[in-house]
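*Asks:* Here you go, entry.txt (compact mmCIF, C-alpha atoms and all ligand atoms):
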```
# COMPACT_ATOMS: atom_id res chain seq x y z
CA MET A 13 107.57 92.97 117.49
CA ASN A 14 104.91 91.07 115.59
CA HIS A 15 105.02 91.26 111.85
CA ILE A 16 102.08 92.00 109.53
CA GLY A 17 102.08 91.19 105.82
CA ILE A 18 100.05 93.56 103.68
CA ASP A 19 99.00 93.05 100.09
CA PHE A 20 99.39 96.18 97.93
CA ASP A 21 96.77 96.41 95.16
CA ASP A 22 93.24 96.91 96.51
CA THR A 23 94.45 96.49 100.05
CA LEU A 24 96.60 99.61 100.47
CA VAL A 25 95.75 101.35 97.21
CA ASP A 26 92.39 101.34 95.39
CA MET A 27 94.04 100.22 92.17
CA ARG A 28 90.86 98.77 90.62
CA LYS A 29 89.21 102.16 91.02
CA SER A 30 92.15 103.79 89.30
CA ILE A 31 92.26 101.15 86.53
CA VAL A 32 88.52 101.54 85.83
CA GLU A 33 88.80 105.34 85.79
CA VAL A 34 91.66 105.27 83.30
CA LEU A 35 90.02 102.56 81.13
CA ASN A 36 86.68 104.41 81.16
CA LYS A 37 88.49 107.50 79.90
CA ILE A 38 90.38 105.63 77.15
CA HIS A 39 87.29 103.70 75.95
CA ASP A 40 84.65 106.35 76.69
CA LYS A 41 82.76 104.02 79.02
CA ASN A 42 81.02 104.52 82.33
CA ILE A 43 81.62 101.33 84.33
CA ASN A 44 81.25 101.68 88.11
CA TYR A 45 84.13 99.80 89.74
CA GLU A 46 82.24 99.24 92.98
CA GLU A 47 79.74 97.01 91.20
CA VAL A 48 82.28 94.86 89.39
CA THR A 49 82.27 91.34 90.79
CA GLU A 50 85.02 90.10 88.48
CA TYR A 51 88.53 90.14 89.86
CA GLY A 52 90.13 91.14 86.55
CA VAL A 53 88.29 94.35 85.69
CA SER A 54 90.02 94.83 82.35
CA SER A 55 88.12 91.84 80.89
CA LEU A 56 85.05 94.14 80.88
CA TYR A 57 86.87 96.14 78.23
CA ASN A 58 87.68 92.93 76.33
CA TYR A 59 91.33 93.01 77.34
CA SER A 60 93.32 89.80 77.36
CA PHE A 61 95.78 89.47 80.25
CA LYS A 62 98.55 90.45 77.84
CA ASP A 63 96.59 93.59 76.79
CA PHE A 64 96.15 94.42 80.48
CA GLN A 65 99.88 94.03 81.17
CA THR A 66 100.72 96.41 78.32
CA PHE A 67 98.07 98.89 79.48
CA PHE A 68 99.33 98.79 83.09
CA THR A 69 102.98 99.20 82.10
CA ASP A 70 102.18 102.11 79.76
CA ASN A 71 99.95 103.94 82.25
CA GLN A 72 101.78 103.37 85.53
CA SER A 73 102.19 107.01 86.47
CA GLU A 74 98.53 107.91 85.84
CA LEU A 75 97.35 104.76 87.62
CA HIS A 76 99.38 105.68 90.71
CA ALA A 77 98.09 109.25 90.86
CA ILE A 78 95.27 107.94 93.08
CA LYS A 79 95.49 109.09 96.70
CA PRO A 80 95.24 106.80 99.73
CA ASN A 81 91.92 106.71 101.57
CA SER A 82 91.78 109.61 104.04
CA LEU A 83 92.49 107.69 107.24
CA LEU A 84 94.98 105.17 105.88
CA LYS A 85 98.15 107.00 106.94
CA THR A 86 96.95 107.69 110.50
CA THR A 87 95.83 104.07 110.85
CA LEU A 88 99.12 102.68 109.52
CA ASP A 89 101.11 105.06 111.75
CA GLU A 90 99.28 103.68 114.79
CA LEU A 91 99.70 100.07 113.66
CA GLY A 92 103.35 100.72 112.77
CA ALA A 93 104.08 101.68 116.37
CA GLU A 94 103.07 98.16 117.46
CA TYR A 95 103.86 96.00 114.45
CA LYS A 96 106.45 95.64 111.73
CA LEU A 97 104.61 96.31 108.44
CA THR A 98 105.78 94.67 105.21
CA VAL A 99 104.08 94.88 101.84
CA ILE A 100 104.01 91.44 100.22
CA THR A 101 102.80 91.72 96.66
CA GLY A 102 102.12 89.42 93.72
CA ARG A 103 103.07 92.20 91.31
CA PRO A 104 105.83 91.28 88.87
CA ASN A 105 109.22 92.89 89.56
CA GLU A 106 108.77 95.48 86.80
CA TRP A 107 105.78 97.01 88.65
CA ILE A 108 107.38 97.11 92.10
CA HIS A 109 109.03 100.48 91.60
CA SER A 110 105.73 102.30 91.05
CA ALA A 111 104.31 100.68 94.20
CA ALA A 112 107.38 101.71 96.23
CA GLN A 113 107.14 105.27 94.87
CA TRP A 114 103.47 105.50 95.87
CA ILE A 115 104.26 104.31 99.41
CA THR A 116 107.12 106.82 99.74
CA LYS A 117 105.10 109.68 98.23
CA HIS A 118 102.36 109.21 100.81
CA ASP A 119 104.81 108.67 103.66
CA LEU A 120 103.36 105.32 104.77
CA PRO A 121 105.29 103.47 107.51
CA ILE A 122 106.04 100.36 105.42
CA LEU A 123 109.45 98.89 106.28
CA ASP A 124 109.92 96.70 103.23
CA ILE A 125 108.30 95.61 99.97
CA VAL A 126 108.66 91.98 99.01
CA CYS A 127 107.82 90.54 95.61
CA VAL A 128 106.43 86.99 95.89
CA SER A 129 107.65 85.89 92.46
CA ASN A 130 110.81 84.57 94.13
CA TYR A 131 108.72 82.02 96.04
CA LYS A 132 107.45 78.93 94.20
CA LYS A 133 104.25 78.71 96.22
CA GLY A 134 103.64 82.44 96.11
CA LYS A 135 102.28 84.56 98.92
CA ALA A 136 101.62 81.81 101.45
CA GLU A 137 105.22 80.55 101.27
CA CYS A 138 106.57 84.10 101.37
CA ALA A 139 104.39 85.09 104.35
CA ALA A 140 105.45 81.94 106.23
CA ALA A 141 109.15 82.55 105.46
CA LEU A 142 108.84 86.11 106.78
CA LYS A 143 107.01 84.79 109.87
CA VAL A 144 104.11 87.20 109.66
CA SER A 145 101.44 86.73 112.33
CA HIS A 146 98.67 88.40 110.31
CA PHE A 147 98.09 89.09 106.65
CA ILE A 148 95.81 91.71 105.14
CA GLU A 149 94.49 90.77 101.71
CA ASP A 150 91.63 91.29 99.23
CA ARG A 151 92.04 88.34 96.87
CA ALA A 152 90.19 85.16 97.82
CA ASN A 153 92.70 82.62 96.45
CA ASP A 154 95.62 84.26 98.20
CA ALA A 155 93.67 84.64 101.46
CA LEU A 156 92.81 80.92 101.41
CA SER A 157 96.35 79.72 100.72
CA ILE A 158 97.78 82.03 103.42
CA ALA A 159 95.13 80.84 105.90
CA ASP A 160 95.92 77.21 104.99
CA ALA A 161 99.56 77.97 105.90
CA GLY A 162 98.38 78.73 109.46
CA ILE A 163 98.44 82.53 109.23
CA ASN A 164 95.48 84.66 110.31
CA VAL A 165 94.06 86.75 107.49
CA PHE A 166 91.98 89.92 107.50
CA LEU A 167 90.08 89.87 104.23
CA LEU A 168 88.86 93.29 103.10
CA ASP A 169 85.26 92.85 101.99
CA LYS A 170 84.95 93.27 98.19
CA PRO A 171 82.25 92.33 95.67
CA TYR A 172 84.58 89.70 94.17
CA ASN A 173 85.51 87.85 97.39
CA ARG A 174 82.15 87.33 99.11
CA ASP A 175 82.25 83.51 98.83
CA CYS A 176 85.61 83.23 100.58
CA ARG A 177 85.39 81.52 103.99
CA HIS A 178 87.98 79.90 106.27
CA ALA A 179 88.40 79.47 110.03
CA ARG A 180 91.50 81.71 109.93
CA ILE A 181 89.93 84.39 107.74
CA THR A 182 88.18 87.38 109.33
CA ARG A 183 86.16 89.49 106.91
CA VAL A 184 86.56 93.21 107.58
CA ARG A 185 84.89 96.32 106.17
CA ASP A 186 87.87 98.65 106.21
CA TRP A 187 91.18 99.61 107.86
CA ASP A 188 89.38 101.06 110.88
CA GLU A 189 88.04 97.62 111.68
CA ILE A 190 91.47 96.04 111.14
CA LYS A 191 93.00 98.54 113.57
CA ALA A 192 90.29 97.87 116.16
CA LEU A 193 90.96 94.13 115.95
CA LEU A 194 94.76 94.42 116.08
CA MET A 195 95.05 97.08 118.79
CA ARG A 196 92.60 95.71 121.33
MG MG B 201 95.25 92.72 96.09
```
Reformat the file's structure so that it appears as structure tokens.
Ligand SMILES: [Mg+2]
*Replies:*
Amino acid sequence: MNHIGIDFDDTLVDMRKSIVEVLNKIHDKNINYEEVTEYGVSSLYNYSFKDFQTFFTDNQSELHAIKPNSLLKTTLDELGAEYKLTVITGRPNEWIHSAAQWITKHDLPILDIVCVSNYKKGKAECAAALKVSHFIEDRANDALSIADAGINVFLLDKPYNRDCRHARITRVRDWDEIKALLMR
């Protein structure tokens, strides 16, 4: 059975949407996450990376209250019948539990969650070690390094990754398109 690596934040879960909603509430702002071209949305609220880490740790349960997109479970169930699905995330270990809980709560057919912090070269090295044939990702830098490692990447189209191009990277609109490409 072929193996697919799947990023977690903004690939499975719309975490930026959730982050912006919670930050808008805290700071009484009205930023529209869909228009944000910066990868690190919290910088729009003048957060340093350290501020963001504290915010994320303190608000994990509210941040994970977001539901999956309506067709995600059906799509993953269909893909899961043909492929082994593993979440491969750059999250630090302390934020893995909330990701695992979200996956379990929504009954998604993910067989394992792997944290890339144990791999010196990050996601690309991890994906190669796990012998995934395809990787689904939203972040340009990760997509490029995974593609450079010889793995085909489906890059979910986002305002912050539009410049990302590579022979092994296929830009996709959504999970429906990913399913169409993988199940043909
Ligand atoms: Mg991501």
*Asks:* Give as a VMD selection string each residue that has an atom at most 10 Å from (98.0, 89.7, 95.1) in the file, counting all atoms listed in the file.
*Replies:* chain A and resid 18 to 23 100 to 103 127 to 128 134 to 135 149 to 155
*Asks:* Write out as number ranges by chain the residues lying within 12 Å of range 115-125 of chain A, counting all atoms listed in the file and excluding same-chain residues fewer than 5 positions away.
*Replies:* A: 15-21, 24-25, 76-103, 105, 107-110, 138, 142
*Asks:* Smallest atom-to-atom distance to ligand MG 201 (chain B): which of A:Tyr51, A:His146, A:Val184, A:Ala192, using only C-alpha atoms and all ligand atoms?
*Replies:*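 Distance minimum relative to ligand MG 201 (chain B) lands on A:Tyr51.
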*Asks:* Measuring between only C-alpha atoms and all ligand atoms, which one of A:Ile190, A:Leu167, A:Ala161, A:Ala136 shows the shortest distance to ligand MG 201 (chain B)?
*Replies:*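 Comparing A:Ile190, A:Leu167, A:Ala161, A:Ala136 against ligand MG 201 (chain B), the winner is A:Leu167.
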*Asks:* Considering only C-alpha atoms and all ligand atoms, state which residue in the set A:Asn44, A:Arg28, A:Leu156, A:Asn130 is at the smallest distance from ligand MG 201 (chain B).
*Replies:*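 Answer, going by the shortest atom-to-atom distance: A:Arg28.
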*Asks:* So that all listed atoms of range 130-141 of chain A fit with 5 Å spare on each side, what axis-aligned box centre and edge lengths in Å, to one decimal, would you give as lines of an AutoDock Vina configuration file?
*Replies:*
```
center_x = 106.2
center_y = 81.9
center_z = 100.2
size_x = 19.2
size_y = 16.4
size_z = 22.1
```
*Asks:* What's the 6 Å shell around range 169-181 of chain A, counting all atoms listed in the file, without same-chain residues fewer than 4 positions away, as a PyMOL selection string?
*Replies:* chain A and resi 49-51+152+159+164-165+185
*Asks:* For each of A:Leu56, A:Ile163, A:Leu75, A:Ile43, take the minimum atom-to-atom distance to Ala141 in chain A, counting all atoms listed in the file, then give the residue where this is smallest.
*Replies:*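 The shortest atom-to-atom distance to Ala141 in chain A comes from A:Ile163.
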*Asks:* Give me, please, the distance in Å between CA of Ile148 in chain A and atom MG of ligand MG 201 (chain B), quoted to one decimal.
*Replies:*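 Between CA of Ile148 in chain A and atom MG of ligand MG 201 (chain B) the gap is 9.1 Å.
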*Asks:* Looking at all atoms listed in the file, which of A:Trp114, A:Leu168, A:Asp186, A:Ser73 is the one that sits closest to ligand MG 201 (chain B)?
*Replies:*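 For ligand MG 201 (chain B), the nearest of the given residues is A:Leu168.
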